[in-house]
Every structure is written in structure tokens, then in C-alpha cells.
file upload15.txt (compact mmCIF, C-alpha atoms)
# COMPACT_ATOMS: atom_id res chain seq x y z
CA MET K 1 80.36 92.64 200.33
CA GLU K 2 83.06 94.02 198.05
CA GLU K 3 86.54 92.61 198.04
CA GLN K 4 89.17 95.11 199.06
CA PRO K 5 92.02 95.51 196.55
CA LYS K 6 95.34 94.21 197.81
CA THR K 7 97.86 96.91 198.48
CA LYS K 8 101.06 96.28 196.62
CA ILE K 9 104.02 96.03 198.94
CA PRO K 10 107.09 97.72 197.45
CA ARG K 11 110.12 95.45 197.02
CA PRO K 12 112.86 96.63 199.42
CA GLU K 13 116.09 97.83 197.80
CA LEU K 14 118.22 95.33 199.74
CA LEU K 15 116.03 92.49 198.52
CA LYS K 16 116.38 93.72 194.93
CA LEU K 17 120.16 93.79 195.25
CA LEU K 18 120.36 90.35 196.85
CA CYS K 19 118.08 88.80 194.23
CA ILE K 20 120.00 90.34 191.33
CA LEU K 21 123.30 89.07 192.76
CA THR K 22 121.75 85.63 193.26
CA PHE K 23 120.33 85.59 189.72
CA ILE K 24 123.81 86.32 188.38
CA GLY K 25 125.77 84.00 190.69
CA SER K 26 123.40 81.04 190.77
CA GLY K 27 122.48 81.39 187.10
CA LEU K 28 126.10 81.36 185.92
CA SER K 29 127.02 78.58 188.36
CA MET K 30 124.10 76.47 187.16
CA LEU K 31 125.14 76.89 183.52
CA SER K 32 128.83 76.23 184.20
CA ASN K 33 128.06 73.06 186.16
CA VAL K 34 125.83 71.76 183.35
CA ALA K 35 128.65 72.53 180.90
CA LEU K 36 131.21 70.77 183.10
CA PHE K 37 128.96 67.73 183.40
CA SER K 38 128.73 67.67 179.61
CA VAL K 39 132.45 67.97 178.86
CA ILE K 40 134.19 66.45 181.89
CA ASP K 41 135.54 63.53 179.86
CA GLN K 42 137.21 65.88 177.37
CA ILE K 43 138.67 67.95 180.21
CA ARG K 44 140.06 64.79 181.80
CA GLU K 45 141.74 63.87 178.52
CA MET K 46 143.29 67.36 178.25
CA PHE K 47 144.83 67.16 181.72
CA ALA K 48 145.57 63.41 181.77
CA GLU K 49 149.33 63.83 181.43
CA ASP K 50 149.82 66.97 183.51
CA PRO K 51 147.13 68.01 186.01
CA ILE K 52 149.03 71.23 186.85
CA TYR K 53 147.50 74.33 185.27
CA MET K 54 148.70 77.94 185.45
CA VAL K 55 146.07 80.65 186.00
CA PHE K 56 147.29 84.24 186.24
CA GLY K 57 150.70 83.00 187.31
CA VAL K 58 149.27 80.77 190.04
CA GLU K 59 149.77 77.03 189.84
CA MET K 60 146.58 74.98 190.22
CA ASN K 61 146.53 71.23 190.74
CA MET K 62 143.52 69.92 188.81
CA SER K 63 143.83 66.31 190.05
CA ILE K 64 141.11 66.65 192.72
CA PHE K 65 138.78 68.17 190.16
CA LEU K 66 139.56 65.51 187.56
CA ASN K 67 138.83 62.56 189.84
CA VAL K 68 135.40 63.68 191.04
CA ASN K 69 132.27 61.78 190.04
CA PRO K 70 130.67 63.63 187.08
CA TRP K 71 127.28 63.61 188.84
CA PHE K 72 128.75 66.08 191.32
CA PHE K 73 128.41 68.76 188.63
CA MET K 74 124.81 67.85 187.83
CA ILE K 75 123.84 67.86 191.53
CA GLN K 76 125.50 71.27 191.87
CA ALA K 77 123.57 72.51 188.80
CA VAL K 78 120.27 71.35 190.31
CA LEU K 79 121.06 73.01 193.64
CA TYR K 80 122.03 76.27 191.91
CA SER K 81 118.78 76.14 189.91
CA LEU K 82 116.88 75.74 193.21
CA SER K 83 118.79 78.70 194.61
CA PHE K 84 117.86 80.72 191.51
CA SER K 85 114.22 79.62 191.86
CA GLY K 86 114.18 80.60 195.52
CA ALA K 87 115.48 84.06 194.66
CA LEU K 88 112.87 84.35 191.91
CA GLN K 89 110.15 83.55 194.45
CA MET K 90 111.56 86.13 196.87
CA TRP K 91 111.64 88.66 194.01
CA LYS K 92 107.89 88.01 193.74
CA LEU K 93 107.72 88.49 197.54
CA ASN K 94 106.82 84.84 198.20
CA LYS K 95 108.18 83.65 201.55
CA ILE K 96 108.65 80.05 200.31
CA GLY K 97 111.54 81.36 198.22
CA PHE K 98 113.55 82.06 201.36
CA HIS K 99 113.24 78.43 202.44
CA ILE K 100 114.06 77.04 198.99
CA TYR K 101 117.08 79.34 198.69
CA SER K 102 118.36 78.60 202.20
CA VAL K 103 118.13 74.81 201.88
CA ALA K 104 119.79 74.88 198.45
CA GLN K 105 122.64 77.05 199.72
CA ILE K 106 123.24 74.90 202.80
CA LEU K 107 123.32 71.79 200.61
CA LEU K 108 125.79 73.56 198.30
CA LEU K 109 128.13 73.79 201.30
CA ILE K 110 127.72 70.09 202.15
CA VAL K 111 127.69 68.35 198.75
CA PRO K 112 131.30 69.22 197.76
CA LYS K 113 132.58 67.68 200.99
CA ILE K 114 130.72 64.45 200.18
CA PHE K 115 132.13 64.19 196.64
CA ILE K 116 135.57 65.70 197.35
CA PRO K 117 136.57 64.70 200.90
CA ASP K 118 140.08 66.20 200.50
CA MET K 119 138.65 69.62 199.75
CA PRO K 120 139.66 72.26 202.30
CA PHE K 121 137.04 73.79 204.59
CA PRO K 122 135.09 76.41 202.59
CA ALA K 123 135.34 79.27 205.10
CA ILE K 124 134.71 82.07 202.59
CA ASP K 125 131.77 80.18 201.07
CA LEU K 126 130.34 79.69 204.55
CA ILE K 127 130.64 83.40 205.37
CA LEU K 128 129.13 84.45 202.04
CA THR K 129 126.26 81.94 202.28
CA GLY K 130 125.55 82.88 205.89
CA SER K 131 125.55 86.58 205.00
CA PHE K 132 123.13 86.15 202.10
CA ILE K 133 120.78 83.98 204.16
CA TYR K 134 120.88 86.51 207.00
CA PHE K 135 120.18 89.49 204.72
CA TYR K 136 117.40 87.60 202.94
CA TYR K 137 115.98 86.73 206.38
CA LEU K 138 115.80 90.45 207.20
CA ASN K 139 113.47 90.80 204.22
CA VAL K 140 111.13 87.89 205.01
CA LYS K 141 108.79 90.30 206.86
CA PHE K 142 108.00 91.95 203.49
CA MET K 143 106.96 88.61 201.94
CA HIS K 144 103.68 86.77 202.07
call {"tool": "encode", "arguments": {"input": "upload15.txt", "output": "C-alpha cells"}}
result
Amino acid sequence: MEEQPKTKIPRPELLKLLCILTFIGSGLSMLSNVALFSVIDQIREMFAEDPIYMVFGVEMNMSIFLNVNPWFFMIQAVLYSLSFSGALQMWKLNKIGFHIYSVAQILLLIVPKIFIPDMPFPAIDLILTGSFIYFYYLNVKFMH
């Protein structure tokens, strides 16, 4: 009995767009968190005297950021790398990628609250994460 060739399922356009956005966002976030983990002591020295920083005319208080445990940045980097890996699996139409991505993104909403209890509720992050998970979910039927 001959084995039938597998028909290649085309990657949906929405899935392509979501994955590309995730590659960019999670990839850059992973790299920036690794960099922050590496240089947090130098940053703390720079802002030791005055934790107020001006960005585009807006005053930012860096004190919350400066007092966080440095491992926060490494945990974030690992979670962003998992998010990236999940998107890569979904790009290859592997359903497990959806689960990896979703868990990583949910943990990325929780971890900051553990390390920075005074941080305000991340409403925009919650909406963005929920939207991406929902739109990825719509594409799970194309994955194996």
C-alpha cells in the first residue's frame, strides 16, 4: 500500500501577520530584558541621585524600576523567548505553539505584579494579550 503524500495546508494571512508581529515584539523584548539584566547595576548607579527621567517632555519616576530584583528581567526574557518559540511553532502550523505562546503571555501579565506590587493594573497589556490569544485561537483549526 502506497503512502499518500500530505497536502500542504497554506498558512492563513492572519496567522502570518500575528506571527510576524510576535517575532518582532517578543524578540525585541527578550533581547532588551537580557540587556537590562546585564546592566541593571550600572543603570542604578546612573539614577542613584535622581530617579526622575524626562522622556519626550514627560517625567518618569524610575524608582520602581530601580528597586526591582534583577532576576525579574531574566524571567521576562525567558517568557518572551517562550512566546517567540510558540509563535515559531504556530508559523510551522504546530498546534503546541498556541499553548506555549498562551501560557507565556499569561505569565507575562502575572510576573510583573509579583516583582513590582506597586505597579498599576496593566489594562492595555491585558487587552493586547487577550486579542492576540483570541486571534491565534481562530487559527488553531489550521494547525496539526
call {"tool": "closest_atom_pairs", "arguments": {"input": "upload15.txt", "of": "stretch 10-85 of chain K", "to": "stretch 112-115 of chain K", "cutoff": "9 Å", "atoms": "all atoms listed in the file", "output": "CSV"}}
result
residue,atom,partner,partner_atom,distance
K:Val68,CA,K:Phe115,CA,6.5
K:Asn69,CA,K:Phe115,CA,7.0
K:Phe72,CA,K:Phe115,CA,6.6
K:Gln76,CA,K:Pro112,CA,8.5
call {"tool": "atom_distance", "arguments": {"input": "upload15.txt", "atom1": "atom CA of K:Phe142", "atom2": "atom CA of K:Ile124"}}
result
28.5 Å
call {"tool": "residues_around", "arguments": {"input": "upload15.txt", "residues": "K:Val111", "least_positions_apart": "3", "cutoff": "12 Å", "atoms": "only C-alpha atoms", "output": "ChimeraX atom specification"}}
result
/K:68-69,71-80,103-108,114-117,119,122
call {"tool": "residues_around", "arguments": {"input": "upload15.txt", "residues": "K:Pro51", "least_positions_apart": "6", "cutoff": "8 Å", "atoms": "only C-alpha atoms", "output": "short mmCIF file (atom, residue, chain, number, x, y, z; two decimals) with C-alpha atoms, in the frame of the given file"}}
result
data_model
loop_
_atom_site.label_atom_id
_atom_site.label_comp_id
_atom_site.auth_asym_id
_atom_site.auth_seq_id
_atom_site.Cartn_x
_atom_site.Cartn_y
_atom_site.Cartn_z
CA ASN K 61 146.53 71.23 190.74
CA MET K 62 143.52 69.92 188.81
CA SER K 63 143.83 66.31 190.05
#
call {"tool": "closest_residue", "arguments": {"input": "upload15.txt", "among": "K:Leu15, K:Ile43, K:Ile9, K:Pro120", "to": "K:Phe132", "atoms": "all atoms listed in the file"}}
result
K:Leu15
call {"tool": "atom_distance", "arguments": {"input": "upload15.txt", "atom1": "atom CA of K:Pro12", "atom2": "atom CA of K:Gly27"}}
result
21.8 Å
call {"tool": "closest_residue", "arguments": {"input": "upload15.txt", "among": "K:Phe98, K:Tyr53, K:Phe84, K:Phe65", "to": "K:Asp41", "atoms": "all atoms listed in the file"}}
result
K:Phe65
call {"tool": "axis_aligned_box", "arguments": {"input": "upload15.txt", "around": "stretch 31-42 of chain K", "padding_each_side": "8 Å", "output": "AutoDock Vina command-line options"}}
result
--center_x 131.2 --center_y 70.2 --center_z 181.8 --size_x 28.1 --size_y 29.4 --size_z 24.8
call {"tool": "atom_distance", "arguments": {"input": "upload15.txt", "atom1": "atom CA of K:Leu66", "atom2": "atom CA of K:Asp118"}}
result
13.0 Å
call {"tool": "closest_residue", "arguments": {"input": "upload15.txt", "among": "K:Val39, K:Ile100, K:Leu17, K:Ile52", "to": "K:Ser83", "atoms": "all atoms listed in the file"}}
result
K:Ile100
call {"tool": "closest_residue", "arguments": {"input": "upload15.txt", "among": "K:Leu14, K:Ile133, K:Ala87, K:Leu128", "to": "K:Ser26", "atoms": "all atoms listed in the file"}}
result
K:Ala87
call {"tool": "residues_around", "arguments": {"input": "upload15.txt", "residues": "K:Arg11", "least_positions_apart": "2", "cutoff": "12 Å", "atoms": "all atoms listed in the file", "output": "mmCIF file with C-alpha atoms, keeping the file's coordinate frame"}}
result
data_model
loop_
_atom_site.group_PDB
_atom_site.id
_atom_site.type_symbol
_atom_site.label_atom_id
_atom_site.label_comp_id
_atom_site.auth_asym_id
_atom_site.auth_seq_id
_atom_site.Cartn_x
_atom_site.Cartn_y
_atom_site.Cartn_z
ATOM 1 C CA LYS K 8 101.060 96.280 196.620
ATOM 2 C CA ILE K 9 104.020 96.030 198.940
ATOM 3 C CA GLU K 13 116.090 97.830 197.800
ATOM 4 C CA LEU K 14 118.220 95.330 199.740
ATOM 5 C CA LEU K 15 116.030 92.490 198.520
ATOM 6 C CA LYS K 16 116.380 93.720 194.930
ATOM 7 C CA LEU K 17 120.160 93.790 195.250
ATOM 8 C CA LEU K 18 120.360 90.350 196.850
ATOM 9 C CA CYS K 19 118.080 88.800 194.230
ATOM 10 C CA MET K 90 111.560 86.130 196.870
ATOM 11 C CA TRP K 91 111.640 88.660 194.010
ATOM 12 C CA LYS K 92 107.890 88.010 193.740
ATOM 13 C CA LEU K 93 107.720 88.490 197.540
ATOM 14 C CA ASN K 94 106.820 84.840 198.200
ATOM 15 C CA ASN K 139 113.470 90.800 204.220
ATOM 16 C CA VAL K 140 111.130 87.890 205.010
ATOM 17 C CA LYS K 141 108.790 90.300 206.860
ATOM 18 C CA PHE K 142 108.000 91.950 203.490
ATOM 19 C CA MET K 143 106.960 88.610 201.940
ATOM 20 C CA HIS K 144 103.680 86.770 202.070
#
call {"tool": "decode", "arguments": {"input": "upload15.txt", "residues": "stretch 89-139 of chain K", "atoms": "N, CA and C atoms", "output": "compact mmCIF listing (two decimals), in the first residue's frame"}}
result
# COMPACT_ATOMS: atom_id res chain seq x y z
N GLN K 89 6.46 27.90 16.38
CA GLN K 89 5.74 26.63 16.18
C GLN K 89 4.43 26.85 15.42
N MET K 90 3.73 27.94 15.74
CA MET K 90 2.48 28.22 15.01
C MET K 90 2.78 28.57 13.56
N TRP K 91 3.91 29.24 13.31
CA TRP K 91 4.32 29.55 11.93
C TRP K 91 4.47 28.24 11.14
N LYS K 92 4.98 27.21 11.84
CA LYS K 92 5.15 25.88 11.23
C LYS K 92 3.84 25.07 11.28
N LEU K 93 2.76 25.72 11.72
CA LEU K 93 1.43 25.12 11.83
C LEU K 93 1.37 23.99 12.85
N ASN K 94 2.15 24.09 13.91
CA ASN K 94 2.11 23.14 15.01
C ASN K 94 1.25 23.71 16.14
N LYS K 95 0.20 22.99 16.49
CA LYS K 95 -0.77 23.44 17.49
C LYS K 95 -0.14 23.70 18.87
N ILE K 96 0.91 22.95 19.22
CA ILE K 96 1.55 23.12 20.53
C ILE K 96 2.04 24.57 20.72
N GLY K 97 2.35 25.22 19.62
CA GLY K 97 2.80 26.61 19.69
C GLY K 97 1.77 27.53 20.31
N PHE K 98 0.50 27.27 20.03
CA PHE K 98 -0.56 28.09 20.61
C PHE K 98 -0.54 27.99 22.13
N HIS K 99 -0.35 26.80 22.64
CA HIS K 99 -0.35 26.59 24.09
C HIS K 99 0.89 27.21 24.74
N ILE K 100 2.04 27.04 24.11
CA ILE K 100 3.28 27.64 24.63
C ILE K 100 3.14 29.16 24.65
N TYR K 101 2.68 29.72 23.55
CA TYR K 101 2.51 31.17 23.44
C TYR K 101 1.53 31.69 24.50
N SER K 102 0.38 31.04 24.61
CA SER K 102 -0.66 31.50 25.53
C SER K 102 -0.20 31.47 26.98
N VAL K 103 0.44 30.39 27.40
CA VAL K 103 0.93 30.29 28.78
C VAL K 103 1.98 31.35 29.04
N ALA K 104 2.91 31.53 28.10
CA ALA K 104 3.96 32.54 28.27
C ALA K 104 3.36 33.93 28.40
N GLN K 105 2.38 34.24 27.57
CA GLN K 105 1.78 35.57 27.61
C GLN K 105 0.99 35.81 28.89
N ILE K 106 0.30 34.80 29.36
CA ILE K 106 -0.45 34.95 30.62
C ILE K 106 0.53 35.15 31.78
N LEU K 107 1.62 34.40 31.78
CA LEU K 107 2.63 34.58 32.82
C LEU K 107 3.28 35.96 32.74
N LEU K 108 3.42 36.49 31.52
CA LEU K 108 3.98 37.84 31.37
C LEU K 108 3.05 38.91 31.96
N LEU K 109 1.79 38.60 32.10
CA LEU K 109 0.87 39.53 32.78
C LEU K 109 0.97 39.41 34.30
N ILE K 110 1.31 38.22 34.78
CA ILE K 110 1.33 37.95 36.22
C ILE K 110 2.67 38.30 36.87
N VAL K 111 3.77 37.93 36.23
CA VAL K 111 5.11 38.10 36.81
C VAL K 111 5.42 39.54 37.25
N PRO K 112 5.11 40.56 36.45
CA PRO K 112 5.41 41.92 36.91
C PRO K 112 4.71 42.28 38.23
N LYS K 113 3.51 41.79 38.41
CA LYS K 113 2.77 42.08 39.65
C LYS K 113 3.43 41.41 40.85
N ILE K 114 4.07 40.27 40.63
CA ILE K 114 4.78 39.58 41.72
C ILE K 114 6.03 40.37 42.12
N PHE K 115 6.80 40.82 41.13
CA PHE K 115 8.05 41.52 41.40
C PHE K 115 7.87 43.00 41.71
N ILE K 116 6.81 43.61 41.17
CA ILE K 116 6.57 45.05 41.36
C ILE K 116 5.12 45.22 41.81
N PRO K 117 4.85 44.97 43.11
CA PRO K 117 3.47 45.03 43.60
C PRO K 117 2.81 46.39 43.43
N ASP K 118 3.58 47.46 43.41
CA ASP K 118 3.01 48.82 43.27
C ASP K 118 2.68 49.18 41.83
N MET K 119 2.99 48.29 40.92
CA MET K 119 2.73 48.57 39.51
C MET K 119 1.22 48.67 39.27
N PRO K 120 0.79 49.65 38.47
CA PRO K 120 -0.64 49.76 38.19
C PRO K 120 -1.14 48.58 37.35
N PHE K 121 -2.45 48.38 37.38
CA PHE K 121 -3.06 47.29 36.62
C PHE K 121 -2.77 47.47 35.13
N PRO K 122 -2.25 46.43 34.46
CA PRO K 122 -1.86 46.56 33.05
C PRO K 122 -3.03 46.36 32.08
N ALA K 123 -3.98 47.27 32.08
CA ALA K 123 -5.20 47.11 31.27
C ALA K 123 -4.89 46.98 29.78
N ILE K 124 -4.02 47.83 29.26
CA ILE K 124 -3.71 47.78 27.83
C ILE K 124 -2.99 46.48 27.49
N ASP K 125 -2.07 46.05 28.35
CA ASP K 125 -1.38 44.77 28.13
C ASP K 125 -2.37 43.62 28.13
N LEU K 126 -3.33 43.66 29.03
CA LEU K 126 -4.35 42.62 29.11
C LEU K 126 -5.19 42.57 27.84
N ILE K 127 -5.59 43.71 27.34
CA ILE K 127 -6.38 43.77 26.10
C ILE K 127 -5.56 43.27 24.91
N LEU K 128 -4.32 43.71 24.82
CA LEU K 128 -3.46 43.29 23.71
C LEU K 128 -3.18 41.78 23.76
N THR K 129 -2.84 41.27 24.95
CA THR K 129 -2.58 39.84 25.11
C THR K 129 -3.84 39.03 24.79
N GLY K 130 -4.96 39.45 25.33
CA GLY K 130 -6.22 38.75 25.06
C GLY K 130 -6.56 38.74 23.58
N SER K 131 -6.33 39.86 22.91
CA SER K 131 -6.61 39.94 21.47
C SER K 131 -5.73 38.99 20.68
N PHE K 132 -4.43 39.00 20.98
CA PHE K 132 -3.52 38.11 20.25
C PHE K 132 -3.88 36.64 20.49
N ILE K 133 -4.14 36.28 21.74
CA ILE K 133 -4.51 34.89 22.03
C ILE K 133 -5.80 34.52 21.29
N TYR K 134 -6.77 35.41 21.29
CA TYR K 134 -8.03 35.15 20.59
C TYR K 134 -7.80 34.95 19.09
N PHE K 135 -7.02 35.85 18.47
CA PHE K 135 -6.80 35.75 17.03
C PHE K 135 -5.94 34.53 16.67
N TYR K 136 -4.99 34.19 17.53
CA TYR K 136 -4.25 32.95 17.32
C TYR K 136 -5.21 31.75 17.44
N TYR K 137 -6.10 31.80 18.42
CA TYR K 137 -7.06 30.71 18.62
C TYR K 137 -7.90 30.47 17.36
N LEU K 138 -8.26 31.55 16.69
CA LEU K 138 -9.04 31.42 15.45
C LEU K 138 -8.29 30.64 14.38
N ASN K 139 -6.97 30.58 14.51
CA ASN K 139 -6.14 29.90 13.52
C ASN K 139 -5.73 28.48 13.93
